[in-house]
$ cat upload_2.txt   # compact mmCIF, C-alpha atoms
# COMPACT_ATOMS: atom_id res chain seq x y z
CA MET C 104 105.15 111.60 97.68
CA LEU C 105 106.15 109.38 100.58
CA PRO C 106 108.49 111.24 102.97
CA PHE C 107 111.55 109.45 104.29
CA PRO C 108 113.87 110.15 107.21
CA PRO C 109 117.15 111.74 106.08
CA ILE C 110 119.22 108.57 106.58
CA TYR C 111 117.96 105.11 105.68
CA PRO C 112 120.46 102.70 107.29
CA ILE C 113 120.97 99.21 105.87
CA THR C 114 122.28 96.33 107.94
CA ASP C 115 125.70 95.06 106.94
CA PRO C 116 126.33 91.31 107.44
CA SER C 117 130.07 91.86 107.05
CA ASN C 118 130.68 94.04 110.10
CA GLY C 119 130.57 91.17 112.60
CA LEU C 120 127.56 92.36 114.60
CA PRO C 121 124.34 90.28 114.40
CA LEU C 122 121.78 92.00 112.18
CA SER C 123 119.18 92.13 114.95
CA LYS C 124 121.74 93.86 117.17
CA GLN C 125 122.52 96.38 114.44
CA ILE C 126 118.82 97.23 114.13
CA SER C 127 118.52 97.55 117.90
CA ARG C 128 121.44 99.99 117.95
CA PHE C 129 119.89 102.11 115.21
CA ALA C 130 116.56 102.11 117.06
CA THR C 131 118.14 103.26 120.31
CA ALA C 132 120.00 106.03 118.49
CA GLY C 133 116.72 107.40 117.09
CA TYR C 134 116.49 105.96 113.58
CA PRO C 135 112.81 105.32 112.75
CA LEU C 136 113.36 103.22 109.61
CA VAL C 137 115.97 100.52 108.89
CA GLN C 138 116.44 98.11 106.00
CA PHE C 139 117.17 94.49 106.93
CA ARG C 140 119.70 93.17 104.41
CA GLY C 141 121.15 89.75 105.08
CA LYS C 142 122.57 88.89 101.68
CA HIS C 143 125.08 86.03 101.69
CA LEU C 144 123.88 84.78 105.07
CA ALA C 145 122.21 81.35 105.20
CA THR C 146 118.43 81.55 104.90
CA LYS C 147 117.92 80.06 108.36
CA ARG C 148 120.18 82.69 109.89
CA GLN C 149 118.43 85.48 108.00
CA TRP C 150 115.07 84.31 109.26
CA GLU C 151 116.26 84.06 112.85
CA GLU C 152 117.75 87.56 112.73
CA LEU C 153 114.73 89.07 110.98
CA ARG C 154 112.26 87.50 113.36
CA GLN C 155 114.25 88.70 116.37
CA SER C 156 114.39 92.21 114.90
CA LEU C 157 110.65 92.32 114.30
CA VAL C 158 109.85 90.96 117.76
CA GLN C 159 112.06 93.61 119.37
CA ALA C 160 110.50 96.35 117.26
CA LYS C 161 106.95 95.26 118.11
CA GLU C 162 107.75 95.20 121.82
CA ASN C 163 109.08 98.74 121.38
CA GLY C 164 105.90 100.09 119.82
CA GLY C 165 106.88 99.31 116.23
CA TRP C 166 110.15 101.23 116.45
CA PRO C 167 112.00 101.04 114.21
CA LEU C 168 109.99 100.34 111.09
CA ILE C 169 111.73 97.60 109.11
CA VAL C 170 112.05 97.10 105.37
CA VAL C 171 113.19 93.64 104.23
CA ASN C 172 115.64 93.43 101.35
CA ASP C 173 114.73 90.90 98.62
CA ARG C 174 113.21 88.14 100.76
CA ALA C 175 109.46 88.09 100.13
CA ASP C 176 109.39 84.55 101.53
CA LEU C 177 110.68 85.73 104.90
CA VAL C 178 108.20 88.60 104.88
CA ILE C 179 105.34 86.13 104.45
CA LEU C 180 106.64 84.03 107.34
CA ALA C 181 106.87 87.13 109.51
CA ILE C 182 103.33 88.23 108.73
CA GLU C 183 102.04 84.74 109.54
CA ASP C 184 103.67 85.19 112.96
CA GLY C 185 101.96 88.56 113.46
CA LEU C 186 105.17 90.48 112.76
CA GLU C 187 104.44 92.72 109.80
CA PRO C 188 107.42 94.60 108.32
CA TRP C 189 106.89 98.11 106.97
CA GLY C 190 108.16 97.32 103.51
CA LEU C 191 109.94 95.11 100.99
CA HIS C 192 112.82 96.18 98.77
CA SER C 193 113.38 94.41 95.46
CA GLY C 194 116.31 94.50 93.06
CA GLN C 195 116.08 94.51 89.28
CA THR C 196 116.44 90.72 89.10
CA ASP C 197 113.84 89.96 91.80
CA ILE C 198 110.14 89.28 91.31
CA PRO C 199 108.46 92.59 90.35
CA ALA C 200 106.70 94.42 93.15
CA ASN C 201 103.30 94.27 91.45
CA GLU C 202 103.55 90.48 91.36
CA VAL C 203 104.69 90.22 94.98
CA ALA C 204 101.87 92.52 96.10
CA ARG C 205 99.38 89.95 94.84
CA LEU C 206 100.48 87.50 97.51
CA PRO C 207 98.16 87.20 100.53
CA LYS C 208 98.63 89.80 103.27
CA LEU C 209 101.33 91.78 101.44
CA GLU C 210 99.08 94.51 100.07
CA ARG C 211 99.81 96.88 102.98
CA LEU C 212 103.58 96.86 102.50
CA HIS C 213 105.58 99.76 101.10
CA PHE C 214 107.52 98.54 98.09
CA GLY C 215 110.88 99.85 96.97
CA ALA C 216 113.17 99.09 94.05
CA SER C 217 116.73 99.76 92.95
CA THR C 218 117.43 101.76 89.79
CA HIS C 219 120.76 102.46 88.10
CA ASN C 220 120.18 104.10 84.71
CA PRO C 221 117.68 106.23 82.77
CA ARG C 222 115.74 103.23 81.45
CA GLU C 223 115.18 101.89 84.97
CA TRP C 224 114.31 105.32 86.37
CA SER C 225 111.49 105.70 83.85
CA GLN C 226 110.15 102.15 84.26
CA VAL C 227 109.79 101.75 88.03
CA ASP C 228 106.97 99.40 88.96
CA SER C 229 103.92 101.52 89.79
CA THR C 230 103.43 99.50 92.98
CA CYS C 231 106.61 101.08 94.41
CA ASP C 232 106.40 104.28 96.43
CA HIS C 233 110.19 104.68 96.75
CA ALA C 234 113.25 103.69 94.76
CA GLY C 235 117.01 103.80 95.11
CA VAL C 236 119.00 105.89 92.64
CA GLY C 237 122.62 104.90 92.15
CA ILE C 238 125.15 103.81 92.56
CA PHE C 239 126.46 107.22 93.51
CA ARG C 240 130.01 105.88 93.77
CA LYS C 241 131.50 102.42 93.65
CA THR C 242 131.08 100.39 96.82
CA ALA C 243 132.09 96.97 98.10
CA THR C 244 128.45 96.05 98.80
CA LYS C 245 127.51 96.51 95.13
CA PRO C 246 130.48 95.05 93.23
CA GLU C 247 128.29 94.04 90.28
CA TYR C 248 127.83 97.69 89.28
CA ASP C 249 130.94 99.11 87.64
CA GLN C 250 129.45 102.41 86.52
CA ALA C 251 128.74 105.04 89.16
CA ILE C 252 126.20 107.69 88.17
CA GLY C 253 127.74 110.50 90.23
CA LEU C 254 126.02 113.75 91.12
CA GLU C 255 124.64 114.52 87.65
CA GLY C 256 123.14 111.05 87.35
CA LEU C 257 121.60 111.40 90.79
CA LYS C 258 119.99 114.71 89.79
CA GLU C 259 118.52 113.20 86.66
CA GLY C 260 117.28 110.08 88.43
CA CYS C 261 115.67 112.05 91.26
CA LYS C 262 113.90 114.32 88.79
CA VAL C 263 112.46 111.38 86.84
CA LEU C 264 111.31 109.54 89.97
CA ARG C 265 109.77 112.62 91.54
CA GLY C 266 107.85 113.12 88.31
CA GLN C 267 106.27 109.73 88.97
CA ASN C 268 105.53 110.59 92.62
CA ILE C 269 108.16 108.07 93.74
CA SER C 270 110.50 109.01 96.59
CA PRO C 271 114.11 108.91 95.36
CA ILE C 272 116.68 107.40 97.74
CA ALA C 273 120.37 108.01 97.01
CA ILE C 274 122.36 104.77 97.17
CA GLY C 275 125.94 103.61 96.74
CA GLY C 276 129.03 104.41 98.79
CA LEU C 277 127.50 107.36 100.63
CA THR C 278 128.56 109.02 103.88
CA VAL C 279 127.02 111.86 105.86
CA SER C 280 129.44 114.23 104.13
CA ASP C 281 127.45 113.60 100.92
CA ALA C 282 124.18 114.78 102.48
CA MET C 283 124.26 118.37 101.23
CA GLN C 284 124.79 117.57 97.55
CA CYS C 285 122.45 114.56 97.61
CA PHE C 286 119.56 116.56 99.09
CA GLN C 287 120.26 119.42 96.70
CA ALA C 288 120.09 116.88 93.86
CA GLY C 289 116.58 115.93 94.96
CA ALA C 290 117.16 112.82 97.08
CA GLU C 291 114.64 112.24 99.83
CA SER C 292 117.04 110.14 101.89
CA LEU C 293 120.52 108.59 101.89
CA ALA C 294 120.63 104.79 102.04
CA MET C 295 123.81 103.83 103.87
CA THR C 296 125.33 100.49 104.83
CA GLN C 297 128.07 102.12 106.86
CA VAL C 298 126.66 105.03 108.80
CA LEU C 299 129.68 104.52 111.04
CA SER C 300 132.68 102.28 110.92
CA PRO C 301 132.35 98.93 112.77
CA LYS C 302 134.49 100.23 115.64
CA ASP C 303 132.04 103.10 116.22
CA ILE C 304 128.76 101.21 115.82
CA ASP C 305 128.51 100.82 119.61
CA ASP C 306 128.48 104.59 120.07
CA ASN C 307 124.82 105.65 120.11
CA THR C 308 125.82 109.29 120.46
CA CYS C 309 127.79 109.19 117.22
CA LEU C 310 124.95 107.39 115.45
CA SER C 311 122.47 109.98 116.68
CA ASP C 312 124.76 112.87 115.73
CA CYS C 313 125.00 111.60 112.15
CA LEU C 314 121.22 111.51 111.83
CA TRP C 315 120.85 114.93 113.42
CA GLN C 316 123.33 116.52 111.03
CA ALA C 317 121.64 114.95 108.02
CA GLN C 318 118.23 116.14 109.23
CA LYS C 319 119.49 119.71 109.67
CA ILE C 320 120.96 119.70 106.17
CA LYS C 321 117.81 118.28 104.62
CA TYR C 322 115.52 120.85 106.21
CA SER C 323 117.90 123.70 105.38
CA ILE C 324 117.40 122.77 101.71
CA ARG C 325 113.74 121.73 101.79
CA PRO C 326 112.11 123.37 104.83
CA ALA C 327 109.65 121.26 106.77
CA ILE C 328 107.33 124.21 107.46
CA GLN C 329 105.73 126.86 105.29
CA THR C 330 105.76 129.76 107.72
CA ASN C 331 102.65 131.42 106.26
CA ASN C 332 100.47 128.49 107.31
CA GLY C 333 99.33 126.69 110.42
CA VAL C 334 101.04 123.59 111.80
CA VAL C 335 99.57 120.33 113.07
CA ILE C 336 101.86 118.09 115.13
CA VAL C 337 101.04 114.41 115.54
CA GLY C 338 102.78 111.59 117.35
CA GLY C 339 102.68 109.36 120.38
CA SER C 340 101.84 110.24 123.95
CA GLY C 341 104.91 111.66 125.66
CA ALA C 342 106.71 112.53 122.43
CA GLY C 343 106.81 116.23 123.33
CA LYS C 344 104.15 117.57 120.94
CA THR C 345 102.77 120.19 123.31
CA THR C 346 106.19 121.58 124.18
CA LEU C 347 107.23 121.76 120.52
CA ALA C 348 103.93 123.40 119.59
CA SER C 349 104.47 126.11 122.21
CA SER C 350 108.02 126.81 121.04
CA LEU C 351 107.08 126.89 117.35
CA ALA C 352 104.06 129.10 117.98
CA LEU C 353 106.20 131.62 119.85
CA ARG C 354 108.59 131.88 116.90
CA MET C 355 105.80 131.99 114.32
CA GLY C 356 103.70 134.58 116.17
CA MET C 357 100.74 132.21 116.45
CA ARG C 358 98.63 130.67 119.17
CA ALA C 359 99.64 127.22 120.44
CA ILE C 360 96.83 124.74 121.07
CA ASP C 361 97.09 121.49 122.97
CA PHE C 362 94.07 119.64 121.64
CA ASP C 363 93.54 117.52 124.76
CA THR C 364 93.56 120.65 126.93
CA PHE C 365 91.21 122.37 124.50
CA ILE C 366 88.73 119.51 124.89
CA THR C 367 88.97 119.43 128.68
CA ASN C 368 88.30 123.18 128.79
CA LYS C 369 85.28 122.78 126.53
CA THR C 370 83.78 119.89 128.48
CA ASN C 371 84.93 120.77 131.99
CA LYS C 372 86.09 117.17 132.31
CA SER C 373 89.53 115.67 132.52
CA ILE C 374 90.75 113.27 129.85
CA ALA C 375 90.56 110.46 132.39
CA GLU C 376 86.93 111.32 133.17
CA ILE C 377 86.00 111.35 129.49
CA PHE C 378 87.74 108.02 128.98
CA ASP C 379 85.75 106.63 131.91
CA ASP C 380 82.65 107.22 129.75
CA SER C 381 84.36 105.59 126.74
CA GLU C 382 87.25 106.12 124.39
CA LYS C 383 84.74 106.39 121.54
CA ARG C 384 83.18 109.37 123.30
CA PHE C 385 86.58 111.06 123.40
CA ARG C 386 87.20 110.42 119.69
CA ASN C 387 83.81 111.92 118.88
CA LEU C 388 84.70 115.01 120.88
CA GLU C 389 87.97 115.34 118.96
CA LEU C 390 86.06 115.30 115.69
CA GLU C 391 83.49 117.76 117.02
CA TYR C 392 85.99 120.38 118.21
CA LEU C 393 88.71 120.10 115.56
CA PRO C 394 87.05 122.49 113.05
CA GLU C 395 87.07 125.24 115.67
CA CYS C 396 90.82 124.77 116.19
CA LEU C 397 91.41 125.09 112.46
CA GLU C 398 89.50 128.36 112.08
CA GLU C 399 92.59 130.54 112.57
CA LEU C 400 96.26 129.80 112.00
CA SER C 401 97.90 128.20 115.00
CA VAL C 402 100.26 125.41 116.00
CA LEU C 403 98.05 122.52 117.06
CA ALA C 404 99.31 119.49 119.01
CA LEU C 405 96.91 116.60 118.42
CA GLY C 406 96.36 113.85 120.93
CA ALA C 407 98.16 110.57 120.30
CA GLY C 408 95.16 108.71 118.90
CA ALA C 409 93.58 111.49 116.89
CA TRP C 410 95.45 110.81 113.65
CA GLN C 411 93.99 107.29 113.51
CA VAL C 412 90.55 108.76 112.80
CA LYS C 413 90.12 109.07 109.04
CA ALA C 414 87.70 111.99 109.34
CA ILE C 415 90.27 113.92 111.39
CA ARG C 416 93.00 113.21 108.83
CA ASN C 417 90.71 114.45 106.09
CA LEU C 418 89.89 117.68 107.94
CA VAL C 419 93.54 118.46 108.61
CA ARG C 420 94.60 117.74 105.04
CA LYS C 421 91.74 119.83 103.68
CA SER C 422 92.99 122.76 105.76
CA GLY C 423 96.28 122.74 103.84
CA TRP C 424 98.26 123.23 107.06
CA ASN C 425 101.75 121.87 107.60
CA ILE C 426 101.64 118.40 109.17
CA LEU C 427 104.59 117.02 111.14
CA TRP C 428 105.14 113.69 112.86
CA LEU C 429 107.21 114.19 116.01
CA ALA C 430 109.00 110.84 115.71
CA GLU C 431 110.22 109.99 119.18
CA ASN C 432 111.43 106.56 120.28
CA PRO C 433 108.48 105.02 122.20
CA SER C 434 110.78 103.82 124.98
CA THR C 435 111.90 107.39 125.60
CA ALA C 436 108.29 108.59 125.65
CA TRP C 437 107.27 105.85 128.07
CA GLU C 438 109.96 106.81 130.54
CA ARG C 439 108.66 110.39 130.52
CA ILE C 440 105.01 109.66 131.23
CA LYS C 441 104.66 106.18 132.67
CA PHE C 442 101.91 105.90 135.30
CA ASP C 443 100.90 109.56 134.88
CA PRO C 444 97.36 109.56 136.34
CA SER C 445 96.23 112.16 133.80
CA ARG C 446 97.05 109.80 130.91
CA PRO C 447 94.64 106.84 130.88
CA LEU C 448 96.65 104.93 128.27
CA ALA C 449 100.01 105.25 130.06
CA GLN C 450 99.33 102.96 132.99
CA ASN C 451 100.67 99.74 131.48
CA ARG C 452 103.81 99.50 129.32
CA SER C 453 102.52 96.65 127.18
CA VAL C 454 99.26 98.47 126.43
CA PHE C 455 101.17 101.70 125.76
CA MET C 456 103.45 99.97 123.25
CA GLN C 457 100.57 98.15 121.57
CA ARG C 458 98.83 101.48 120.99
CA TRP C 459 101.98 103.02 119.59
CA TYR C 460 102.53 99.97 117.34
CA SER C 461 99.01 100.25 115.90
CA ARG C 462 99.59 103.93 115.02
CA MET C 463 103.05 103.82 113.46
CA ALA C 464 101.80 102.95 109.96
CA GLU C 465 99.76 106.16 109.65
CA TRP C 466 102.41 108.38 111.24
CA SER C 467 105.08 107.01 108.89
CA LEU C 468 103.30 108.58 105.92
CA LEU C 469 104.03 112.08 107.27
CA PRO C 470 107.14 114.29 107.23
CA SER C 471 109.05 113.48 110.38
CA VAL C 472 110.83 115.57 112.96
CA LEU C 473 113.40 113.50 114.83
CA PRO C 474 114.11 115.05 118.27
CA LEU C 475 117.13 112.81 119.01
CA GLY C 476 117.45 114.16 122.55
CA ARG C 477 118.04 117.73 121.40
CA PRO C 478 116.71 120.76 123.32
CA GLN C 479 113.54 122.38 122.05
CA GLU C 480 115.37 125.50 120.91
CA GLU C 481 117.54 123.39 118.59
CA LEU C 482 114.49 121.69 117.09
CA VAL C 483 112.81 125.04 116.48
CA LYS C 484 115.97 126.51 114.98
CA MET C 485 116.18 123.56 112.61
CA LEU C 486 112.54 123.89 111.56
CA LEU C 487 112.57 127.70 111.43
CA PRO C 488 116.17 128.74 110.62
$ encode --input "upload_2.txt" --output "structure tokens"
Amino acid sequence: MLPFPPIYPITDPSNGLPLSKQISRFATAGYPLVQFRGKHLATKRQWEELRQSLVQAKENGGWPLIVVNDRADLVILAIEDGLEPWGLHSGQTDIPANEVARLPKLERLHFGASTHNPREWSQVDSTCDHAGVGIFRKTATKPEYDQAIGLEGLKEGCKVLRGQNISPIAIGGLTVSDAMQCFQAGAESLAMTQVLSPKDIDDNTCLSDCLWQAQKIKYSIRPAIQTNNGVVIVGGSGAGKTTLASSLALRMGMRAIDFDTFITNKTNKSIAEIFDDSEKRFRNLELEYLPECLEELSVLALGAGAWQVKAIRNLVRKSGWNILWLAENPSTAWERIKFDPSRPLAQNRSVFMQRWYSRMAEWSLLPSVLPLGRPQEELVKMLLP
């Protein structure tokens, strides 16, 4: 089942802030996935705001991933411009996802739907990998729905969707204070149009704190790590994988392995020297040495590009180990490692962001750990309470 971050923010055209600016604020605060909803705005304005949002995200390594609400036409325009969104969300009265997916270049999108009653829960389009369950309580953004399903309805809807391997997203009038009962009910994420009030939307610290609290609650209910197994950490260069691996390994009583260091020790060459031969040579070495790293339980930090290799993904999944995406904002990672001579792919910001952008799609399929500027000991405590 597709994992989701604990909060799935939705842009709100009524709060006075341009939608592209709202998405930028969420991105800066550490939110990896945002839904672009421009309902009631003129089509031209929606397109301008969506295009600006996608351009900004691409320049920032694909962060955040963007789902477009309802507007398949705007998604097609964006893809024609080389600005592919992560997904498309459709309501019950929109064109079914399986029909939309037939359109050229839309087959790679993640499709979501909205559901509001038992009939809709059991009949979600099989093209969808996630679906909203609600409304949890009445809300001004969904005035057409008079009947809230409440906690019991949410439990039932989540159970039915999970039975179909569809990620259930709680929707409708939610706040962070609802996180505990929504995650206990089986929700994978909370879709929220008002993470904060309009007067607080400028406060990145408050936005980040909301996401951090929701993440802690989610992993206290459904732990991210099975402690009797190894852990593989993936993510971009500079995200902090090696540091997190060391801290987790210490708590779990295992060895920590930095895969890049492992390869340099085996070959007696630096990463830069291997890359001077060719990047393909380095990827072949990763595939050659990975089985040895998986022989005994450990916490393994993969290099940034390793997860793009299908054979490596297959080996890790076959091992049955825990897999975590350390989902750091690429801009934060760049500031940590820019121009580091030991990192061949961190010498040019544009190249760095292009690499990150090309890798986001695969990372997004994994359970995420959102560091949000917290110290390592807080991350470890959250993952291993």
$ atom_distance --input "upload_2.txt" --atom1 "atom CA of Leu429 of chain C" --atom2 "atom CA of Pro135 of chain C"
11.0 Å
$ axis_aligned_box --input "upload_2.txt" --around "segment 390-394 of chain C" --padding-each-side "3 Å" --output "JSON"
{"center_x": 86.1, "center_y": 118.9, "center_z": 115.6, "size_x": 11.2, "size_y": 13.2, "size_z": 11.2}
$ closest_residue --input "upload_2.txt" --among "C:Leu475, C:Ile113, C:Ala342, C:Ile169" --to "Gln155 of chain C" --atoms "all atoms listed in the file"
C:Ile169
$ atom_distance --input "upload_2.txt" --atom1 "atom CA of Lys383 of chain C" --atom2 "atom CA of Leu405 of chain C"
16.2 Å
$ closest_residue --input "upload_2.txt" --among "C:Leu157, C:Val203, C:Leu310, C:Ala273" --to "Trp189 of chain C" --atoms "only C-alpha atoms"
C:Leu157
$ atom_distance --input "upload_2.txt" --atom1 "atom CA of Lys161 of chain C" --atom2 "atom CA of Arg452 of chain C"
12.4 Å
$ closest_residue --input "upload_2.txt" --among "C:Arg128, C:Arg154, C:Arg416, C:Lys484" --to "Ser323 of chain C" --atoms "only C-alpha atoms"
C:Lys484
$ residues_around --input "upload_2.txt" --residues "Lys319 of chain C" --least-positions-apart "3" --cutoff "10 Å" --atoms "all atoms listed in the file" --output "PyMOL selection string"
chain C and resi 109+282-283+314-316+322-326+481-482+484-486+488
